Each structure stands twice: as structure tokens, then as C-alpha cells.
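Visitor: This is data.txt (compact mmCIF, C-alpha atoms).
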```txt
# COMPACT_ATOMS: atom_id res chain seq x y z
CA MET O 1392 89.67 99.89 100.85
CA SER O 1393 86.56 101.51 102.34
CA PHE O 1394 86.72 104.87 104.10
CA LYS O 1395 86.16 103.23 107.49
CA ASP O 1396 88.92 100.69 106.91
CA SER O 1397 91.23 103.43 105.63
CA LEU O 1398 90.72 105.22 108.94
CA LEU O 1399 91.52 101.98 110.76
CA GLY O 1400 94.71 101.71 108.71
CA LEU O 1401 95.65 105.25 109.68
CA LEU O 1402 94.94 104.41 113.33
CA ILE O 1403 97.31 101.42 113.13
CA VAL O 1404 100.05 103.63 111.69
CA ILE O 1405 99.61 106.13 114.52
CA ILE O 1406 99.51 103.43 117.20
CA TRP O 1407 102.69 101.75 115.95
CA GLY O 1408 104.46 105.07 115.37
CA VAL O 1409 103.73 106.29 118.91
CA ASN O 1410 104.87 102.86 120.13
CA PHE O 1411 108.51 104.02 119.93
CA LEU O 1412 107.77 107.01 122.13
CA ALA O 1413 106.18 104.68 124.70
CA ILE O 1414 109.29 102.48 124.59
CA ALA O 1415 111.54 105.48 125.25
CA TRP O 1416 109.42 106.58 128.22
CA GLY O 1417 109.23 103.04 129.56
CA LEU O 1418 113.01 102.69 129.45
CA ASP O 1419 113.35 105.71 131.74
CA GLY O 1420 112.15 103.57 134.65
CA LEU O 1421 112.79 99.97 133.57
CA PRO O 1422 115.81 98.09 132.18
CA PRO O 1423 115.13 96.82 128.64
CA LEU O 1424 114.99 93.06 129.24
CA LEU O 1425 112.79 93.36 132.31
CA MET O 1426 110.48 95.69 130.37
CA GLY O 1427 110.22 93.08 127.62
CA ALA O 1428 109.23 90.40 130.12
CA LEU O 1429 106.57 92.62 131.70
CA ARG O 1430 105.21 93.67 128.32
CA PHE O 1431 104.54 90.15 127.07
CA ALA O 1432 103.29 88.95 130.44
CA PHE O 1433 100.80 91.82 130.25
CA VAL O 1434 99.82 90.89 126.68
CA PHE O 1435 99.09 87.27 127.63
CA CYS O 1436 97.28 88.05 130.90
CA VAL O 1437 94.96 90.54 129.21
CA GLY O 1438 94.48 88.83 125.85
CA PHE O 1439 93.91 85.17 126.69
CA MET O 1440 90.63 86.02 128.44
CA PHE O 1441 89.11 87.34 125.22
CA ILE O 1442 90.83 85.44 122.39
CA LYS O 1443 90.49 81.72 121.71
CA LYS O 1444 93.67 79.64 121.64
CA PRO O 1445 94.82 78.98 118.05
CA ASP O 1446 95.06 75.44 116.70
CA ILE O 1447 98.79 75.75 116.01
CA PRO O 1448 101.42 73.23 117.20
CA LEU O 1449 103.46 74.39 120.18
CA LYS O 1450 106.79 74.09 118.32
CA TRP O 1451 105.70 76.68 115.76
CA MET O 1452 104.36 78.99 118.46
CA VAL O 1453 107.74 78.76 120.21
CA ALA O 1454 109.64 79.45 116.98
CA TYR O 1455 107.42 82.44 116.23
CA ALA O 1456 107.65 83.85 119.77
CA LEU O 1457 111.42 83.50 120.08
CA ALA O 1458 112.01 85.28 116.78
CA ILE O 1459 109.39 87.99 116.50
CA SER O 1460 108.65 88.62 120.18
CA PHE O 1461 111.83 87.90 122.13
CA GLY O 1462 114.44 88.45 119.40
CA GLN O 1463 112.94 91.60 117.92
CA PHE O 1464 112.18 93.41 121.15
CA ALA O 1465 115.15 92.22 123.22
CA PHE O 1466 117.44 93.82 120.66
CA LEU O 1467 115.21 96.86 119.98
CA PHE O 1468 114.72 97.71 123.66
CA SER O 1469 118.44 97.19 124.34
CA ALA O 1470 119.33 99.33 121.32
CA MET O 1471 117.18 102.23 122.53
CA SER O 1472 118.67 101.94 126.01
CA MET O 1473 122.15 102.18 124.43
CA GLY O 1474 121.70 105.33 122.41
CA MET O 1475 119.39 104.50 119.50
CA PRO O 1476 116.99 107.45 119.03
CA ALA O 1477 113.33 106.43 118.98
CA GLY O 1478 112.63 108.14 115.65
CA LEU O 1479 115.50 106.50 113.79
CA ALA O 1480 114.65 103.17 115.40
CA SER O 1481 111.13 103.36 113.94
CA LEU O 1482 112.68 103.82 110.49
CA ILE O 1483 115.52 101.29 110.62
CA LEU O 1484 113.28 98.58 112.05
CA GLN O 1485 111.29 98.68 108.80
CA SER O 1486 114.30 97.09 107.10
CA GLN O 1487 112.67 93.87 108.30
CA ALA O 1488 110.89 93.84 104.94
CA LEU O 1489 114.23 93.49 103.18
CA PHE O 1490 115.53 90.85 105.59
CA THR O 1491 112.29 88.94 105.04
CA LEU O 1492 113.10 88.71 101.32
CA ILE O 1493 116.58 87.36 102.10
CA PHE O 1494 115.42 84.79 104.67
CA ALA O 1495 112.54 83.67 102.46
CA ALA O 1496 115.04 83.06 99.65
CA LEU O 1497 117.42 81.13 101.93
CA LEU O 1498 114.89 79.14 103.95
CA LEU O 1499 111.88 78.82 101.64
CA ASN O 1500 113.69 78.84 98.28
CA GLU O 1501 111.67 81.85 97.14
CA LYS O 1502 113.17 83.67 94.17
CA ILE O 1503 114.28 87.27 94.58
CA LYS O 1504 112.88 89.40 91.76
CA PHE O 1505 114.59 92.34 90.11
CA ALA O 1506 112.48 94.92 91.98
CA GLN O 1507 113.25 93.23 95.30
CA LEU O 1508 116.97 93.18 94.55
CA LEU O 1509 116.83 96.85 93.56
CA SER O 1510 114.94 97.73 96.75
CA MET O 1511 117.55 95.93 98.89
CA MET O 1512 120.41 97.75 97.15
CA VAL O 1513 118.81 101.19 97.55
CA ALA O 1514 117.81 100.61 101.18
CA GLY O 1515 121.19 99.04 101.90
CA VAL O 1516 122.95 102.20 100.76
CA GLY O 1517 120.63 104.19 103.02
CA LEU O 1518 121.42 102.00 106.02
CA TYR O 1519 125.14 102.28 105.28
CA ILE O 1520 124.87 106.08 105.27
CA ILE O 1521 122.96 106.10 108.57
CA ALA O 1522 125.48 103.71 110.14
CA GLY O 1523 128.28 106.17 109.41
CA THR O 1524 126.59 109.12 111.11
CA GLY O 1525 126.97 107.97 114.71
CA GLU O 1526 129.73 110.43 115.63
CA ASP O 1527 127.70 113.35 114.28
CA SER O 1528 124.50 112.65 116.25
CA SER O 1529 123.08 111.11 119.40
CA MET O 1530 122.91 107.71 117.69
CA THR O 1531 125.47 105.13 118.80
CA LEU O 1532 126.92 102.42 116.57
CA ILE O 1533 125.97 99.68 119.04
CA GLY O 1534 122.40 101.03 119.09
CA PHE O 1535 122.29 100.93 115.29
CA VAL O 1536 123.66 97.37 115.12
CA LEU O 1537 121.23 96.07 117.75
CA THR O 1538 118.31 97.66 115.90
CA ILE O 1539 119.38 95.94 112.69
CA ILE O 1540 119.53 92.60 114.53
CA GLY O 1541 116.05 93.32 115.90
CA ALA O 1542 114.80 93.93 112.35
CA ALA O 1543 116.39 90.65 111.22
CA SER O 1544 114.67 88.83 114.11
CA TRP O 1545 111.33 90.31 113.05
CA ALA O 1546 111.99 89.10 109.51
CA LEU O 1547 112.79 85.60 110.75
CA GLY O 1548 109.47 85.65 112.61
CA ASN O 1549 107.75 86.64 109.36
CA VAL O 1550 109.22 83.56 107.68
CA VAL O 1551 108.04 81.35 110.55
CA ASN O 1552 104.59 82.93 110.16
CA ARG O 1553 104.66 82.04 106.46
CA ILE O 1554 105.67 78.46 107.24
CA ILE O 1555 102.76 78.19 109.67
CA SER O 1556 100.40 79.45 106.94
CA ASN O 1557 101.86 77.01 104.39
CA LYS O 1558 101.06 74.16 106.78
CA GLY O 1559 97.37 75.04 106.65
CA PHE O 1560 97.03 77.13 109.81
CA LYS O 1561 95.80 80.73 109.95
CA PRO O 1562 98.04 82.80 112.26
CA GLY O 1563 96.57 86.07 113.48
CA ILE O 1564 96.03 88.02 116.67
CA ASP O 1565 95.36 84.70 118.46
CA LEU O 1566 98.95 83.61 117.75
CA VAL O 1567 100.30 86.97 119.00
CA ILE O 1568 98.43 86.64 122.30
CA TRP O 1569 98.72 82.93 123.03
CA SER O 1570 102.44 82.85 122.23
CA ALA O 1571 103.09 85.89 124.45
CA TRP O 1572 103.86 83.77 127.56
CA ILE O 1573 106.79 82.12 125.76
CA PRO O 1574 109.16 85.15 125.45
CA VAL O 1575 108.60 85.99 129.12
CA ILE O 1576 110.87 83.05 130.03
CA PRO O 1577 113.98 84.07 128.00
CA PHE O 1578 113.36 87.73 128.86
CA MET O 1579 113.39 86.99 132.59
CA LEU O 1580 116.44 84.71 132.32
CA SER O 1581 118.31 87.32 130.26
CA SER O 1582 117.30 90.08 132.67
CA PHE O 1583 118.54 88.04 135.65
CA ILE O 1584 121.86 87.32 133.92
CA PHE O 1585 122.62 90.67 132.28
CA GLU O 1586 120.71 93.18 134.41
CA GLY O 1587 120.99 91.38 137.72
CA PRO O 1588 118.55 90.71 140.58
CA ASP O 1589 119.45 93.96 142.35
CA LEU O 1590 118.42 96.12 139.39
CA ILE O 1591 115.29 94.03 138.86
CA MET O 1592 114.19 94.49 142.48
CA ALA O 1593 115.08 98.20 142.50
CA SER O 1594 113.11 98.76 139.28
CA LEU O 1595 110.04 96.94 140.59
CA GLN O 1596 110.17 98.78 143.92
CA SER O 1597 110.37 102.16 142.18
CA PHE O 1598 107.75 101.20 139.58
CA SER O 1599 105.98 104.42 138.57
CA TRP O 1600 102.73 105.34 136.86
CA VAL O 1601 104.77 106.37 133.78
CA SER O 1602 106.19 102.83 133.57
CA PHE O 1603 102.68 101.41 134.01
CA LEU O 1604 101.21 103.59 131.28
CA ALA O 1605 104.10 102.76 128.93
CA LEU O 1606 103.63 99.02 129.50
CA THR O 1607 99.86 99.35 129.09
CA TYR O 1608 100.34 101.12 125.78
CA LEU O 1609 102.90 98.57 124.54
CA ALA O 1610 100.71 95.62 125.52
CA VAL O 1611 97.13 96.78 124.91
CA ALA O 1612 97.52 99.38 122.16
CA ALA O 1613 100.59 98.30 120.16
CA SER O 1614 100.28 94.52 120.55
CA ILE O 1615 96.63 93.58 121.09
CA SER O 1616 94.80 96.46 119.37
CA GLY O 1617 97.42 97.10 116.68
CA TYR O 1618 97.86 93.49 115.60
CA GLY O 1619 94.15 92.84 116.03
CA LEU O 1620 93.24 95.61 113.59
CA TRP O 1621 96.06 94.54 111.27
CA SER O 1622 94.69 90.98 111.19
CA TYR O 1623 91.21 92.38 110.50
CA LEU O 1624 92.46 94.32 107.47
CA LEU O 1625 94.49 91.37 106.17
CA GLY O 1626 91.33 89.29 106.38
CA ARG O 1627 89.41 91.73 104.18
CA TYR O 1628 92.01 92.93 101.67
CA PRO O 1629 95.03 91.52 99.79
CA ALA O 1630 98.36 91.70 101.62
CA GLY O 1631 99.67 93.99 98.87
CA THR O 1632 97.01 96.55 99.81
CA VAL O 1633 97.56 96.39 103.56
CA ALA O 1634 101.34 95.92 103.90
CA PRO O 1635 102.37 99.33 102.43
CA LEU O 1636 100.54 101.03 105.32
CA SER O 1637 103.56 100.23 107.50
CA LEU O 1638 105.56 102.78 105.48
CA GLY O 1639 103.77 105.48 107.47
CA VAL O 1640 105.02 104.17 110.82
CA PRO O 1641 108.48 105.80 110.71
CA ILE O 1642 106.93 109.11 109.64
CA VAL O 1643 104.80 109.11 112.79
CA GLY O 1644 107.69 107.76 114.88
CA ILE O 1645 110.12 110.45 113.77
CA SER O 1646 107.52 113.20 114.19
CA VAL O 1647 106.40 112.33 117.72
CA SER O 1648 110.00 111.68 118.82
CA ALA O 1649 111.05 115.09 117.56
CA TYR O 1650 108.15 116.78 119.35
CA PHE O 1651 108.14 114.95 122.69
CA LEU O 1652 111.78 113.86 123.00
CA ASN O 1653 113.45 116.76 121.18
CA GLU O 1654 115.26 114.31 118.90
CA SER O 1655 116.95 115.76 115.84
CA ILE O 1656 118.10 114.00 112.67
CA THR O 1657 121.22 115.09 110.81
CA ASP O 1658 121.18 115.92 107.09
CA MET O 1659 123.01 112.69 106.24
CA GLN O 1660 120.55 110.68 108.32
CA TRP O 1661 117.70 112.30 106.39
CA ILE O 1662 119.40 111.26 103.15
CA GLY O 1663 119.98 107.73 104.41
CA GLY O 1664 116.46 107.48 105.79
CA SER O 1665 114.98 108.69 102.52
CA LEU O 1666 116.88 105.97 100.65
CA VAL O 1667 115.62 103.33 103.08
CA LEU O 1668 112.03 104.51 102.55
CA LEU O 1669 112.60 104.62 98.77
CA GLY O 1670 113.80 101.02 98.88
CA LEU O 1671 110.71 99.97 100.82
CA ILE O 1672 108.48 101.86 98.39
CA ILE O 1673 110.11 100.13 95.41
CA ASN O 1674 109.49 96.76 97.04
CA ALA O 1675 105.87 97.61 97.81
CA PHE O 1676 104.75 99.37 94.64
CA TRP O 1677 107.04 98.26 91.78
CA ALA O 1678 104.57 95.75 90.32
CA LYS O 1679 101.68 98.25 90.31
CA LEU O 1680 103.89 100.99 88.86
CA THR O 1681 105.18 98.86 85.97
CA LEU O 1682 101.64 97.68 85.27
CA LYS O 1683 100.30 101.23 85.07
CA LEU O 1684 103.20 102.35 82.88
CA GLY O 1685 102.50 99.49 80.49
CA PHE O 1686 105.74 97.59 81.05
CA LYS O 1687 103.92 94.55 82.41
CA LYS O 1688 100.75 93.01 81.08
CA PRO O 1689 98.08 91.95 83.56
CA VAL O 1690 97.57 88.23 83.99
CA VAL O 1691 94.26 87.10 82.53
CA LYS O 1692 92.80 83.95 84.00
CA GLN O 1693 91.32 81.57 81.45
CA VAL O 1694 87.84 80.26 82.05
```
Can you present the structure in this file as C-alpha cells?
Guide:
Amino acid sequence: MSFKDSLLGLLIVIIWGVNFLAIAWGLDGLPPLLMGALRFAFVFCVGFMFIKKPDIPLKWMVAYALAISFGQFAFLFSAMSMGMPAGLASLILQSQALFTLIFAALLLNEKIKFAQLLSMMVAGVGLYIIAGTGEDSSMTLIGFVLTIIGAASWALGNVVNRIISNKGFKPGIDLVIWSAWIPVIPFMLSSFIFEGPDLIMASLQSFSWVSFLALTYLAVAASISGYGLWSYLLGRYPAGTVAPLSLGVPIVGISVSAYFLNESITDMQWIGGSLVLLGLIINAFWAKLTLKLGFKKPVVKQV
């Protein structure tokens, strides 16, 4: 990866890490489901003017949007409104990589390799440790569970993305933007049912510049710019080179949350978080490590 593209990768990590801080600030003035609706409405209204509509069937756009846009963020936003610290959320959400392996095996009949199984076991132990620390910290069990469901929803969206690719389409930032109108519908319905029209009206009437800046960041920086740069890198380099960059997101998320939100992580949560990161690292780098150590011979293509 060139120096310029490495800087772009670092920028993505920072943007997505700070994303959790923006969510926390946004939730101070908006209920979670209403904030989700406004975020994706903002993404579509800004993005469709600059990005061409993808040639992807509507049914796959709906499947993608309901999983990765509505499912992921409805549960994540709700989790953070119910006591899930922003820093820990940035870490636990990365378990989507492990759920992706499971769903790909169940839905696409992809085989789970030894390294992937090992990574799931190590990260699973880490998640179990974190789950048991609720009484000793500001984290709530319901917040933890909802974050896990959000990660599973993200993983399901990844599988839908893979299905779309297998059918000959090329999903990218255009899919993110042009599918953004779809989750607005279930977000608004859910907000009306669970948050109520009175809270919706009160939140809109007291809409502040902090809420506006948070939504702008979530829509323009995290969604449009972040995924746009991510698609650019995936178009230039193998997925195995680009994907591990996401391991830096929780480091940024935990750091900025500690500085701006005064969040603290208990010793056991550090241990659990380290195991989760170790599991993700095993999944990302096992093949390269075994190759360098001589345990696996490189595949030589015959001419």
C-alpha cells in the first residue's frame, strides 16, 4: 500500500473511531431510533446528488439495508442509549467479523478453517468476560446484548453484500447511499411505536446544533466519506490488505471516549477486550503468519 493510501487508511480508522463519540453526543438530544432515521435520510439526501444509482435489484438493496443499516444501527444506538459505553461499543461491534464467518458457513456453505475457529473461540472467551463485568462498571447487560445483536446484523449485511457480488454486481459506496432511504421507513415506524409521537415532536422542537453536527458527522464523515474511501482502497488492494485496518477502530474509539466522555474500562474488561482483539488478529493474519514461519507453502500457479 502506498504512503498516500496508508494515510487514507489511517483517516478511515480515525473517522470510524470518532463515530462512536458522535453517536454518544447525538443521543444526548435525540432518541436512538429517531436519530437513526435522520441519519440515513441525511445520507441519501446528500449522497444521491453526487453518486450514480447502482445496477442492483431492489430486493438485494432492501436486504442489505435492513441488515447492515437498520439492524446494525437500531440495536447499536439503542444499546448506547441503555448504558453501553461508546468505547466498549466500538470494540464489541468488531465481533461482526466472527459472526460473518458463522453466517457465511450457514448460509453460503463456506467452510470454517482452523484459524477461524480458533479466532472465534478466543474472541468468544473475551466477550464472555466482558459480559460478566456489567455490575463492576457503567456497562449494562442489556446494552451489551443489544451491541452483540447489532454486530450480528452487520455480519448478516456482509453476507448479503457477498451474495450481491456473487451474482455479478459490484456493491460499493453507491449501494450505501442509494439504499439509505430504505432504513428510514422501519426507523420511523419503530420510533413512532417505541419512542412515541410526543418524544419525536419534543426532540425535533428542541433540535440543537450539537445534534445537527452529530448527524452531519454520522452521515457525511462516517457513512459517505468513510465508506467511500473504504471502497476506493478495496478497489486498489486485496481485501486481506484492507480489512485488517478496521482493527484500529476500537483503539481510536476507546481513546476518544476516555478523553471526551471520561469513560473508564475495568481491568477485566481490558482482559476481555484484549482477547477479542487477539481473536480478530488471528482471523486477519493467521495465513500470513504461518506462511512466514514456513508452516504453509505458497501456492504457485502453473503456466
Visitor: Any chance you could tabulate, as a tab-separated table, the residues of region 1604-1688 of chain O at most 12 Å from region 1489-1495 of chain O with each one's nearest atom pair and distance in Å to one decimal, using only C-alpha atoms, in chain and rising number order?
Guide:
```
residue	atom	partner	partner_atom	distance
O:Val1667	CA	O:Leu1489	CA	9.9
O:Leu1668	CA	O:Leu1489	CA	11.3
O:Gly1670	CA	O:Leu1489	CA	8.7
O:Leu1671	CA	O:Leu1489	CA	7.7
O:Ile1672	CA	O:Leu1489	CA	11.2
O:Ile1673	CA	O:Leu1489	CA	11.0
O:Asn1674	CA	O:Leu1489	CA	8.4
O:Ala1675	CA	O:Leu1489	CA	10.8
```
Visitor: When you count all atoms listed in the file, which of these residues is closest to Leu1666 (chain O): O:Trp1572, O:Leu1498, O:Tyr1650, O:Val1513?
Guide: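 Counting all atoms listed in the file, the residue closest to Leu1666 (chain O) is O:Val1513.
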Visitor: Which is closer to Asn1653 (chain O) than all the others in O:Leu1399, O:Ala1477, O:Lys1443, O:Ser1597, using all atoms listed in the file?
Guide: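 Ranking O:Leu1399, O:Ala1477, O:Lys1443, O:Ser1597 by distance to Asn1653 (chain O), first place goes to O:Ala1477.
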Visitor: Rank O:Thr1632, O:Gln1507, O:Gln1463, O:Ser1570 by their smallest atom-to-atom distance to Gly1548 (chain O), using only C-alpha atoms, and report the top residue only.
Guide: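 Nearest to Gly1548 (chain O): O:Gln1463.
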Visitor: Between O:Gly1462, O:Gly1644, O:Pro1635, O:Gly1400, which one has atoms that come closest to Ser1622 (chain O), using all atoms listed in the file?
Guide: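 Of all the options, O:Gly1400 lies closest to Ser1622 (chain O).
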Visitor: Name the residues in contact with region 1418-1430 of chain O at a cut-off of 6 Å, using all atoms listed in the file, excluding same-chain residues fewer than 5 positions from it; report them as a list in words.
Guide: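 That gives Phe1468, Ser1469, Val1575, Phe1578, Met1579, Ser1582, Ser1594, Leu1606 and Ala1610 of chain O.
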Visitor: Counting all atoms listed in the file, find residues at most 12 Å from (103.9, 82.0, 110.4) (file frame) and give them as a PDB file with C-alpha atoms, keeping the file's coordinate frame.
Guide:
```pdb
ATOM      1  CA  ILE O1447      98.790  75.750 116.010  1.00  0.00           C
ATOM      2  CA  PRO O1448     101.420  73.230 117.200  1.00  0.00           C
ATOM      3  CA  LYS O1450     106.790  74.090 118.320  1.00  0.00           C
ATOM      4  CA  TRP O1451     105.700  76.680 115.760  1.00  0.00           C
ATOM      5  CA  MET O1452     104.360  78.990 118.460  1.00  0.00           C
ATOM      6  CA  VAL O1453     107.740  78.760 120.210  1.00  0.00           C
ATOM      7  CA  ALA O1454     109.640  79.450 116.980  1.00  0.00           C
ATOM      8  CA  TYR O1455     107.420  82.440 116.230  1.00  0.00           C
ATOM      9  CA  ALA O1456     107.650  83.850 119.770  1.00  0.00           C
ATOM     10  CA  ALA O1458     112.010  85.280 116.780  1.00  0.00           C
ATOM     11  CA  ILE O1459     109.390  87.990 116.500  1.00  0.00           C
ATOM     12  CA  ALA O1495     112.540  83.670 102.460  1.00  0.00           C
ATOM     13  CA  TRP O1545     111.330  90.310 113.050  1.00  0.00           C
ATOM     14  CA  ALA O1546     111.990  89.100 109.510  1.00  0.00           C
ATOM     15  CA  LEU O1547     112.790  85.600 110.750  1.00  0.00           C
ATOM     16  CA  GLY O1548     109.470  85.650 112.610  1.00  0.00           C
ATOM     17  CA  ASN O1549     107.750  86.640 109.360  1.00  0.00           C
ATOM     18  CA  VAL O1550     109.220  83.560 107.680  1.00  0.00           C
ATOM     19  CA  VAL O1551     108.040  81.350 110.550  1.00  0.00           C
ATOM     20  CA  ASN O1552     104.590  82.930 110.160  1.00  0.00           C
ATOM     21  CA  ARG O1553     104.660  82.040 106.460  1.00  0.00           C
ATOM     22  CA  ILE O1554     105.670  78.460 107.240  1.00  0.00           C
ATOM     23  CA  ILE O1555     102.760  78.190 109.670  1.00  0.00           C
ATOM     24  CA  SER O1556     100.400  79.450 106.940  1.00  0.00           C
ATOM     25  CA  ASN O1557     101.860  77.010 104.390  1.00  0.00           C
ATOM     26  CA  LYS O1558     101.060  74.160 106.780  1.00  0.00           C
ATOM     27  CA  GLY O1559      97.370  75.040 106.650  1.00  0.00           C
ATOM     28  CA  PHE O1560      97.030  77.130 109.810  1.00  0.00           C
ATOM     29  CA  LYS O1561      95.800  80.730 109.950  1.00  0.00           C
ATOM     30  CA  PRO O1562      98.040  82.800 112.260  1.00  0.00           C
ATOM     31  CA  GLY O1563      96.570  86.070 113.480  1.00  0.00           C
ATOM     32  CA  ILE O1564      96.030  88.020 116.670  1.00  0.00           C
ATOM     33  CA  LEU O1566      98.950  83.610 117.750  1.00  0.00           C
ATOM     34  CA  VAL O1567     100.300  86.970 119.000  1.00  0.00           C
ATOM     35  CA  SER O1570     102.440  82.850 122.230  1.00  0.00           C
TER      36      SER O1570
END
```
Visitor: Report as a PyMOL selection string all protein, DNA and RNA residues lying within 9 Å of Ile1406 (chain O), evaluated on only C-alpha atoms, omitting residues in the same chain fewer than 4 positions from it.
Guide: chain O and resi 1401-1402+1410+1608+1612-1613+1616-1617+1640+1643
Visitor: To one decimal place, how far is CA of Met1473 (chain O) from CA of Phe1598 (chain O) in Å?
Guide: 20.9 Å
Visitor: Can you tell me which residues surround Ser1637 (chain O) at a distance of at most 9 Å, considering all atoms listed in the file, apart from same-chain residues fewer than 6 positions away, and format the answer as a short mmCIF file (atom, residue, chain, number, x, y, z; two decimals) with C-alpha atoms, in the frame of the given file?
Guide:
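Generated output (selection32.cif):
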```cif
data_model
loop_
_atom_site.label_atom_id
_atom_site.label_comp_id
_atom_site.auth_asym_id
_atom_site.auth_seq_id
_atom_site.Cartn_x
_atom_site.Cartn_y
_atom_site.Cartn_z
CA ILE O 1403 97.31 101.42 113.13
CA VAL O 1404 100.05 103.63 111.69
CA TRP O 1407 102.69 101.75 115.95
CA GLN O 1485 111.29 98.68 108.80
#
```
